[in-house]
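Here's the structure, in structure tokens; my notes come after.
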There are 2 protein chains.
Amino acid sequence: MRYSHLFGKTSKNAPSDADSPNARLLEQGGFVEHVMAGVYSWLPLGLSVLRKVEQIVREEMDALGGQEIFMPSLHPKEYWDTTGRWDKVDILFKLKSQTDKMYALGCSHEEVVTPLAQKFTRSYKELPFALYQINTKFRDELRAKSGVLRGREFRMKDMYSFHTDQADLEAFYAKALEAYVRAFKRCGLDVKVVQASGGIFTDKISHEFQALTESGEDTILACETCRFGQNLEVATLKEGDACPNGDGKLVKVKGIEVGNIFDLGTKYSDAFGFDFMNEEGKHERILMGCYGIGTSRLVGAIVEAYNDDKGIVWPKAVAPFHVHLVPLKSKDEEKRKLIDAAVSAIETDLAERHIEVLVDDRDKGAGEKFADADLIGAPLRLVLSEKSLAAGGVEWKERAAAEAKSAPLEGLGAEIARWLKA
Amino acid sequence: MRYSHLFGKTSKNAPSDADSPNARLLEQGGFVEHVMAGVYSWLPLGLSVLRKVEQIVREEMDALGGQEIFMPSLHPKEYWDTTGRWDKVDILFKLKSQTDKMYALGCSHEEVVTPLAQKFTRSYKELPFALYQINTKFRDELRAKSGVLRGREFRMKDMYSFHTDQADLEAFYAKALEAYVRAFKRCGLDVKVVQASGGIFTDKISHEFQALTESGEDTILACETCRFGQNLEVATLKEGDACPNGDGKLVKVKGIEVGNIFDLGTKYSDAFGFDFMNEEGKHERILMGCYGIGTSRLVGAIVEAYNDDKGIVWPKAVAPFHVHLVPLKSKDEEKRKLIDAAVSAIETDLAERHIEVLVDDRDKGAGEKFADADLIGAPLRLVLSEKSLAAGGVEWKERAAAEAKSAPLEGLGAEIARWLKA
């Protein structure tokens, strides 16, 4: 992609209302555009990142045996009355149709997935199973804040599992917990697995996945060495205590919740009278678990964890582009032709290798192009200039590294492919 | 995928409230589940079809130079006041937040995309460009009907283009029109390109793309031989007239509108004061076009066009699975083992070729399995039985063909791959 054609350019100035690094950098870099408090448009660069994050999450849910479905955002009031949450969930958006029907706008989908699963489940033979979707969610937040971290409209992967008994639920819950840790790891985030309160979902056990960053809105008690943590809200331990899992000490740290999982017990199956037939032919109540990852929030959390004073430093797996290719101007026509030819050759080579490259083809100086490359944060910047050609090739500058080096043009594509896999 | 594990099974009985073939067959086949009037959940089979349709549309929009973005569904009332549509569009869902802010739920995105494009556009050098999204839309329909054809919540691809002058707009409009015809063709639908009214969008020219089916809700005057048509609402010709494009006669037919394109002129750029700087450095008003395809509606239209008394007959490109593999029971243990081994071998072979196969591994009789295969409608049914093995392989039955034939096990995968490409 040529930067001159890309919709959504960088901005020299930080948005005046940005209250966090992700709000500032995602908007300044041309990834998202603020529509109103808590509501964003995702521009091509941002959508590229969001899609990669969602694909990683999808792959991990598929590997777990989850089946992808797509549920509506308009929910009949009757479903939310059935669970008693119509009046209890204060962030629930409610609306009325021309024909005076009342709807909820989905902030979570227990009310839709439970009767859906119920319709297709008769016997223990069909259990367990898990359904998930990746969809837009709506929350009537009193105060939207922190960019894409706490929005009124956001993207989420929500999975729901259905079980015959507690042991089966807990076995799946444990596998889902590991799949979550893997998904975050693939997105570049090491998380603490934190014991937490069930909130509006359940009174039973639940875990949050916390990415540690200074700008996090949650305070947690986390082990210095392992992934253990407790949310202060439910903490039974205190700062300085030994971690129950080993030798580490517990310290207070700030985190961003990027996912959560809940043992729902029979809360929702009770509400809908969702039973199955056991091996003795008797009716028993279904047990449920639910598992959420805010995928747009996850993009924000990655930015909070990976940035410096110049911009974003995307992990390779979720970067909008792998390579930011910067040709510099030359007054010498001969050299200009050489640079143009090298740019085209690299573009073609990388396209064949399915390596995504953004070419800054604008008529701008080195300073502005480098500043934009740093702001956008692709993992690798390649510079083609009189100087780089004189040194025998391109300037190779990894976004996360302090120093640049020279790399030969010959074999460049293969070298980039190797580096990306490393 | 094993059918015993697939969420969402076929149902013997048609839903009592189904008012059209797509409503009946999509629900009976386990593709979608009715949540309330005009609102559906998409189950794994249905989501598979929807994704394929959306990917075809995405590829055609990308080929046209469209850039994909993702805009919110919550729109600030102020934007809709700016265009004067807040009070004019009767199917607009409106809602109020806890903090007394009024929002529209997006039924179309001119109100969001216009100020978005405006923010990033200064000069004629940046024009033309086109932005599109594939997203959920909401319409407060008085009467939702016809399954996924007219819903209160549905999927849509909407594209918006921005131009310096009328000639540039019309050149892009003409290219978009051809891309639309190609996208529908790839989905199996030959469409009539119908001159139509601009509805709530514009007073200028617009075209509808009509898939002809008996159950269509629109009446159009269409050429018997070419793709020309006029919507009766705006018809300047009458039944029996000669087609202006050739020798064909115009006849009245029923169609389903699967897409529409509009010359928006300066309607929205006037509202937002969206100008660009021309080559002389003077301000001029931007011209806009908009281009919509209801992707979930398109799934319904495909079902309306491709079904028989036994079920759906999916075109290859959008089928939820390519192959429906049906092993039949055998009382002979030796033969049962042969059948099981052949099933596994075919599954492995097809997986390596990225050919999707649904294996009906249920303990059911041939009659029930065949009826379900016909209802679900994968393009190719393969039967493995004592009889087929005695005949030297599998029974090969194309869903669209009347007769079955025998095919050898050896080279089966390659033969299927060839057939799918044909």
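By order of appearance in the structure tokens: chains A, B, ..., then residues from 1 within every chain, and ligands from 1 in the order shown.
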Do you know which residues are at most 9 Å from segment 393-404 of chain B counting only C-alpha atoms, after dropping those on the same chain fewer than 4 positions away, and could you put them as JSON, numbers by chain?
{"B": [312, 313, 314, 373, 374, 377, 378, 379, 380, 381, 382, 383, 384, 385, 387, 388, 389, 408, 409, 410, 412]}
Please produce an output containing N, CA and C atoms for each residue in the selection, written as an mmCIF file, in the first residue's frame.
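Result saved to part_0.cif:
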data_model
loop_
_atom_site.group_PDB
_atom_site.id
_atom_site.type_symbol
_atom_site.label_atom_id
_atom_site.label_comp_id
_atom_site.auth_asym_id
_atom_site.auth_seq_id
_atom_site.Cartn_x
_atom_site.Cartn_y
_atom_site.Cartn_z
ATOM 1 N N ILE B 312 -32.271 -26.546 0.057
ATOM 2 C CA ILE B 312 -31.441 -25.529 -0.603
ATOM 3 C C ILE B 312 -30.489 -26.221 -1.584
ATOM 4 N N VAL B 313 -30.138 -25.528 -2.662
ATOM 5 C CA VAL B 313 -29.174 -26.035 -3.653
ATOM 6 C C VAL B 313 -28.087 -24.969 -3.798
ATOM 7 N N TRP B 314 -27.145 -24.918 -2.839
ATOM 8 C CA TRP B 314 -26.163 -23.828 -2.792
ATOM 9 C C TRP B 314 -25.260 -23.814 -4.022
ATOM 10 N N ALA B 373 -29.171 -34.034 4.028
ATOM 11 C CA ALA B 373 -28.184 -33.558 3.049
ATOM 12 C C ALA B 373 -28.865 -32.694 1.991
ATOM 13 N N ASP B 374 -30.044 -33.123 1.549
ATOM 14 C CA ASP B 374 -30.782 -32.328 0.558
ATOM 15 C C ASP B 374 -31.224 -30.988 1.139
ATOM 16 N N GLY B 377 -28.071 -28.808 1.567
ATOM 17 C CA GLY B 377 -27.802 -28.348 0.221
ATOM 18 C C GLY B 377 -26.368 -28.166 -0.217
ATOM 19 N N ALA B 378 -25.408 -28.873 0.401
ATOM 20 C CA ALA B 378 -24.023 -28.816 -0.093
ATOM 21 C C ALA B 378 -23.996 -29.288 -1.544
ATOM 22 N N PRO B 379 -23.081 -28.742 -2.366
ATOM 23 C CA PRO B 379 -23.114 -29.028 -3.809
ATOM 24 C C PRO B 379 -22.902 -30.494 -4.159
ATOM 25 N N LEU B 380 -22.163 -31.227 -3.316
ATOM 26 C CA LEU B 380 -21.846 -32.620 -3.634
ATOM 27 C C LEU B 380 -22.104 -33.513 -2.435
ATOM 28 N N ARG B 381 -22.892 -34.564 -2.664
ATOM 29 C CA ARG B 381 -23.097 -35.573 -1.612
ATOM 30 C C ARG B 381 -22.347 -36.829 -1.997
ATOM 31 N N LEU B 382 -21.540 -37.352 -1.091
ATOM 32 C CA LEU B 382 -20.850 -38.628 -1.314
ATOM 33 C C LEU B 382 -21.391 -39.636 -0.317
ATOM 34 N N VAL B 383 -21.784 -40.805 -0.811
ATOM 35 C CA VAL B 383 -22.299 -41.847 0.083
ATOM 36 C C VAL B 383 -21.320 -43.007 0.096
ATOM 37 N N LEU B 384 -20.986 -43.460 1.297
ATOM 38 C CA LEU B 384 -20.145 -44.637 1.470
ATOM 39 C C LEU B 384 -20.979 -45.722 2.126
ATOM 40 N N SER B 385 -21.121 -46.835 1.437
ATOM 41 C CA SER B 385 -21.970 -47.904 1.955
ATOM 42 C C SER B 385 -21.450 -49.234 1.432
ATOM 43 N N LYS B 387 -22.979 -51.037 -0.541
ATOM 44 C CA LYS B 387 -23.311 -51.014 -1.960
ATOM 45 C C LYS B 387 -22.272 -50.217 -2.762
ATOM 46 N N SER B 388 -21.896 -49.030 -2.218
ATOM 47 C CA SER B 388 -20.964 -48.196 -2.985
ATOM 48 C C SER B 388 -19.588 -48.859 -3.057
ATOM 49 N N LEU B 389 -19.190 -49.505 -1.952
ATOM 50 C CA LEU B 389 -17.890 -50.188 -1.960
ATOM 51 C C LEU B 389 -17.916 -51.357 -2.948
ATOM 52 N N PRO B 408 -14.601 -43.890 -8.191
ATOM 53 C CA PRO B 408 -13.600 -44.671 -7.477
ATOM 54 C C PRO B 408 -13.000 -43.888 -6.320
ATOM 55 N N LEU B 409 -12.574 -44.604 -5.266
ATOM 56 C CA LEU B 409 -11.939 -43.936 -4.130
ATOM 57 C C LEU B 409 -10.601 -43.339 -4.543
ATOM 58 N N GLU B 410 -9.910 -44.060 -5.417
ATOM 59 C CA GLU B 410 -8.595 -43.571 -5.818
ATOM 60 C C GLU B 410 -8.761 -42.311 -6.683
ATOM 61 N N LEU B 412 -10.113 -39.623 -5.759
ATOM 62 C CA LEU B 412 -11.379 -38.935 -5.484
ATOM 63 C C LEU B 412 -11.175 -37.456 -5.139
#
Determine which residues of chain B sit within 8 Å of chain A, taking into account only C-alpha atoms, and present them as number ranges by chain.
B: 4-9, 33, 35-36, 39-44, 47, 67-76, 93-99, 112, 116, 120, 126, 140-142, 153
Can I get the selection written as a compact mmCIF listing (two decimals), in the first residue's frame, with N, CA and C atoms?
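Result saved to out-v1.txt:
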# COMPACT_ATOMS: atom_id res chain seq x y z
N SER B 4 -22.43 -34.66 14.10
CA SER B 4 -22.87 -34.88 15.49
C SER B 4 -22.35 -33.76 16.41
N HIS B 5 -21.23 -33.13 16.03
CA HIS B 5 -20.66 -32.05 16.85
C HIS B 5 -21.11 -30.67 16.42
N LEU B 6 -21.73 -30.58 15.25
CA LEU B 6 -22.10 -29.26 14.73
C LEU B 6 -23.27 -28.68 15.51
N PHE B 7 -23.12 -27.42 15.95
CA PHE B 7 -24.24 -26.79 16.64
C PHE B 7 -25.27 -26.32 15.63
N GLY B 8 -26.55 -26.68 15.89
CA GLY B 8 -27.64 -26.24 15.02
C GLY B 8 -28.02 -27.32 14.03
N LYS B 9 -28.96 -28.14 14.42
CA LYS B 9 -29.35 -29.27 13.56
C LYS B 9 -30.56 -28.91 12.69
N GLU B 33 -31.38 -18.90 13.40
CA GLU B 33 -32.41 -19.13 14.40
C GLU B 33 -33.14 -17.81 14.65
N VAL B 35 -34.93 -15.00 16.42
CA VAL B 35 -34.95 -14.50 17.79
C VAL B 35 -36.24 -13.73 18.05
N MET B 36 -36.59 -12.86 17.12
CA MET B 36 -37.89 -12.17 17.15
C MET B 36 -38.10 -11.60 15.75
N VAL B 39 -35.24 -10.40 13.39
CA VAL B 39 -33.96 -10.52 14.08
C VAL B 39 -33.57 -11.99 14.19
N TYR B 40 -32.39 -12.33 13.71
CA TYR B 40 -31.91 -13.71 13.67
C TYR B 40 -30.54 -13.87 14.31
N SER B 41 -30.30 -15.06 14.86
CA SER B 41 -28.93 -15.49 15.16
C SER B 41 -28.44 -16.32 13.99
N TRP B 42 -27.18 -16.17 13.63
CA TRP B 42 -26.57 -16.96 12.57
C TRP B 42 -25.79 -18.10 13.21
N LEU B 43 -26.20 -19.32 12.90
CA LEU B 43 -25.55 -20.51 13.46
C LEU B 43 -24.33 -20.86 12.58
N PRO B 44 -23.50 -21.82 13.01
CA PRO B 44 -22.26 -22.07 12.25
C PRO B 44 -22.46 -22.26 10.75
N LEU B 47 -23.43 -18.82 9.28
CA LEU B 47 -22.32 -17.87 9.36
C LEU B 47 -21.27 -18.19 8.30
N GLN B 67 -11.34 1.22 0.23
CA GLN B 67 -10.55 0.93 1.44
C GLN B 67 -11.51 0.59 2.56
N GLU B 68 -11.25 -0.52 3.24
CA GLU B 68 -12.19 -0.97 4.27
C GLU B 68 -11.94 -0.25 5.59
N ILE B 69 -13.02 0.23 6.17
CA ILE B 69 -13.00 0.83 7.49
C ILE B 69 -14.12 0.19 8.31
N PHE B 70 -14.30 0.65 9.54
CA PHE B 70 -15.37 0.09 10.37
C PHE B 70 -15.93 1.22 11.22
N MET B 71 -17.16 1.62 10.88
CA MET B 71 -17.78 2.76 11.56
C MET B 71 -18.74 2.29 12.64
N PRO B 72 -19.00 3.16 13.62
CA PRO B 72 -19.87 2.72 14.73
C PRO B 72 -21.33 2.67 14.33
N SER B 73 -22.12 1.95 15.13
CA SER B 73 -23.57 1.92 14.95
C SER B 73 -24.25 3.02 15.74
N LEU B 74 -23.62 3.46 16.82
CA LEU B 74 -24.18 4.59 17.58
C LEU B 74 -23.75 5.89 16.92
N HIS B 75 -24.73 6.66 16.46
CA HIS B 75 -24.43 7.93 15.80
C HIS B 75 -24.95 9.08 16.65
N PRO B 76 -24.19 10.15 16.76
CA PRO B 76 -24.71 11.31 17.50
C PRO B 76 -25.88 11.95 16.75
N PHE B 93 -33.93 3.94 14.19
CA PHE B 93 -34.01 3.66 15.62
C PHE B 93 -33.32 4.80 16.37
N LYS B 94 -33.97 5.28 17.44
CA LYS B 94 -33.38 6.34 18.25
C LYS B 94 -33.32 5.87 19.70
N LEU B 95 -32.28 6.25 20.39
CA LEU B 95 -32.21 5.87 21.80
C LEU B 95 -31.53 6.96 22.60
N LYS B 96 -31.71 6.88 23.91
CA LYS B 96 -31.21 7.91 24.81
C LYS B 96 -30.29 7.26 25.84
N SER B 97 -29.18 7.92 26.14
CA SER B 97 -28.25 7.38 27.12
C SER B 97 -28.67 7.78 28.52
N GLN B 98 -28.01 7.21 29.53
CA GLN B 98 -28.21 7.59 30.93
C GLN B 98 -27.98 9.08 31.14
N THR B 99 -27.08 9.62 30.29
CA THR B 99 -26.73 11.03 30.45
C THR B 99 -27.55 11.92 29.51
N VAL B 112 -21.96 9.60 9.18
CA VAL B 112 -20.67 9.38 9.86
C VAL B 112 -19.51 9.48 8.88
N LEU B 116 -16.10 12.20 8.49
CA LEU B 116 -14.84 11.45 8.58
C LEU B 116 -13.96 11.74 7.36
N PHE B 120 -10.04 14.34 6.61
CA PHE B 120 -8.76 13.93 6.01
C PHE B 120 -8.59 14.42 4.57
N GLU B 126 -5.93 14.52 -3.32
CA GLU B 126 -6.31 13.35 -2.51
C GLU B 126 -7.56 12.65 -3.06
N ASP B 140 -35.89 0.30 11.88
CA ASP B 140 -37.10 0.14 12.67
C ASP B 140 -38.27 -0.10 11.71
N GLU B 141 -38.29 -1.28 11.09
CA GLU B 141 -39.33 -1.65 10.12
C GLU B 141 -40.69 -1.78 10.80
N LEU B 142 -41.73 -1.26 10.15
CA LEU B 142 -43.06 -1.50 10.70
C LEU B 142 -43.38 -2.98 10.63
N GLU B 153 -32.58 -5.98 11.95
CA GLU B 153 -31.13 -5.97 12.12
C GLU B 153 -30.56 -6.85 11.03
With a distance cut-off of 12 Å and only C-alpha atoms, select the neighbouring residues of Lys421 of chain B, excluding the residue or stretch itself and same-chain residues fewer than 6 positions from it, and output the selection as an MDAnalysis selection string.
chainID B and resid 315:317 322 355 414:415
Those same residues - C-alpha atoms - I'd like them written as a PDB file, in the first residue's frame.
ATOM      1  CA  PRO B 315     -23.945 -22.486  -5.582  1.00  0.00           C
ATOM      2  CA  LYS B 316     -20.427 -23.826  -5.026  1.00  0.00           C
ATOM      3  CA  ALA B 317     -18.837 -20.478  -4.147  1.00  0.00           C
ATOM      4  CA  HIS B 322     -18.431 -28.275  -0.359  1.00  0.00           C
ATOM      5  CA  ILE B 355     -12.145 -28.598   0.635  1.00  0.00           C
ATOM      6  CA  ALA B 414      -8.402 -34.580  -7.087  1.00  0.00           C
ATOM      7  CA  GLU B 415     -11.651 -35.299  -8.939  1.00  0.00           C
TER       8      GLU B 415
END
At a cut-off of 8 Å, using only C-alpha atoms, what residues contact Leu375 of chain B? Leave out same-chain residues fewer than 6 positions from it and give the result as an mmCIF file with C-alpha atoms, in the first residue's frame.
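Once written, out-v6.cif looks like this:
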data_model
loop_
_atom_site.group_PDB
_atom_site.id
_atom_site.type_symbol
_atom_site.label_atom_id
_atom_site.label_comp_id
_atom_site.auth_asym_id
_atom_site.auth_seq_id
_atom_site.Cartn_x
_atom_site.Cartn_y
_atom_site.Cartn_z
ATOM 1 C CA THR B 10 -31.987 -29.597 10.886
ATOM 2 C CA LEU B 25 -35.216 -23.356 4.604
ATOM 3 C CA GLN B 28 -35.167 -25.674 9.031
ATOM 4 C CA GLY B 29 -31.635 -26.384 7.773
ATOM 5 C CA LYS B 310 -36.170 -30.947 -0.852
ATOM 6 C CA GLY B 311 -34.158 -27.977 0.341
ATOM 7 C CA ILE B 312 -31.441 -25.529 -0.603
#
Looking only at helix (DSSP H, G or I) from DSSP on the backbone, list the matching residues of segment 164-237 of chain B as a list in words.
Gln166, Ala167, Asp168, Leu169, Glu170, Ala171, Phe172, Tyr173, Ala174, Lys175, Ala176, Leu177, Glu178, Ala179, Tyr180, Val181, Arg182, Ala183, Phe184, Lys185, Arg186, Leu232, Glu233 and Val234 of chain B
Those of segment 45-76 of chain B in DSSP strand (DSSP E or B), formatted as a list in words
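Those residues are Gln67, Glu68, Phe70, Leu74, His75 and Pro76 of chain B.
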Can you spit out the residues from that selection as a PDB file, in the first residue's frame, using C-alpha atoms?
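The result, written out as result.pdb:
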ATOM      1  CA  GLN B  67     -10.553   0.933   1.436  1.00  0.00           C
ATOM      2  CA  GLU B  68     -12.186  -0.967   4.273  1.00  0.00           C
ATOM      3  CA  PHE B  70     -15.368   0.090  10.375  1.00  0.00           C
ATOM      4  CA  LEU B  74     -24.180   4.590  17.583  1.00  0.00           C
ATOM      5  CA  HIS B  75     -24.432   7.931  15.797  1.00  0.00           C
ATOM      6  CA  PRO B  76     -24.708  11.314  17.499  1.00  0.00           C
TER       7      PRO B  76
END
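Between atom CA of Pro244 of chain B and atom CA of Val193 of chain B the separation is 13.2 Å.
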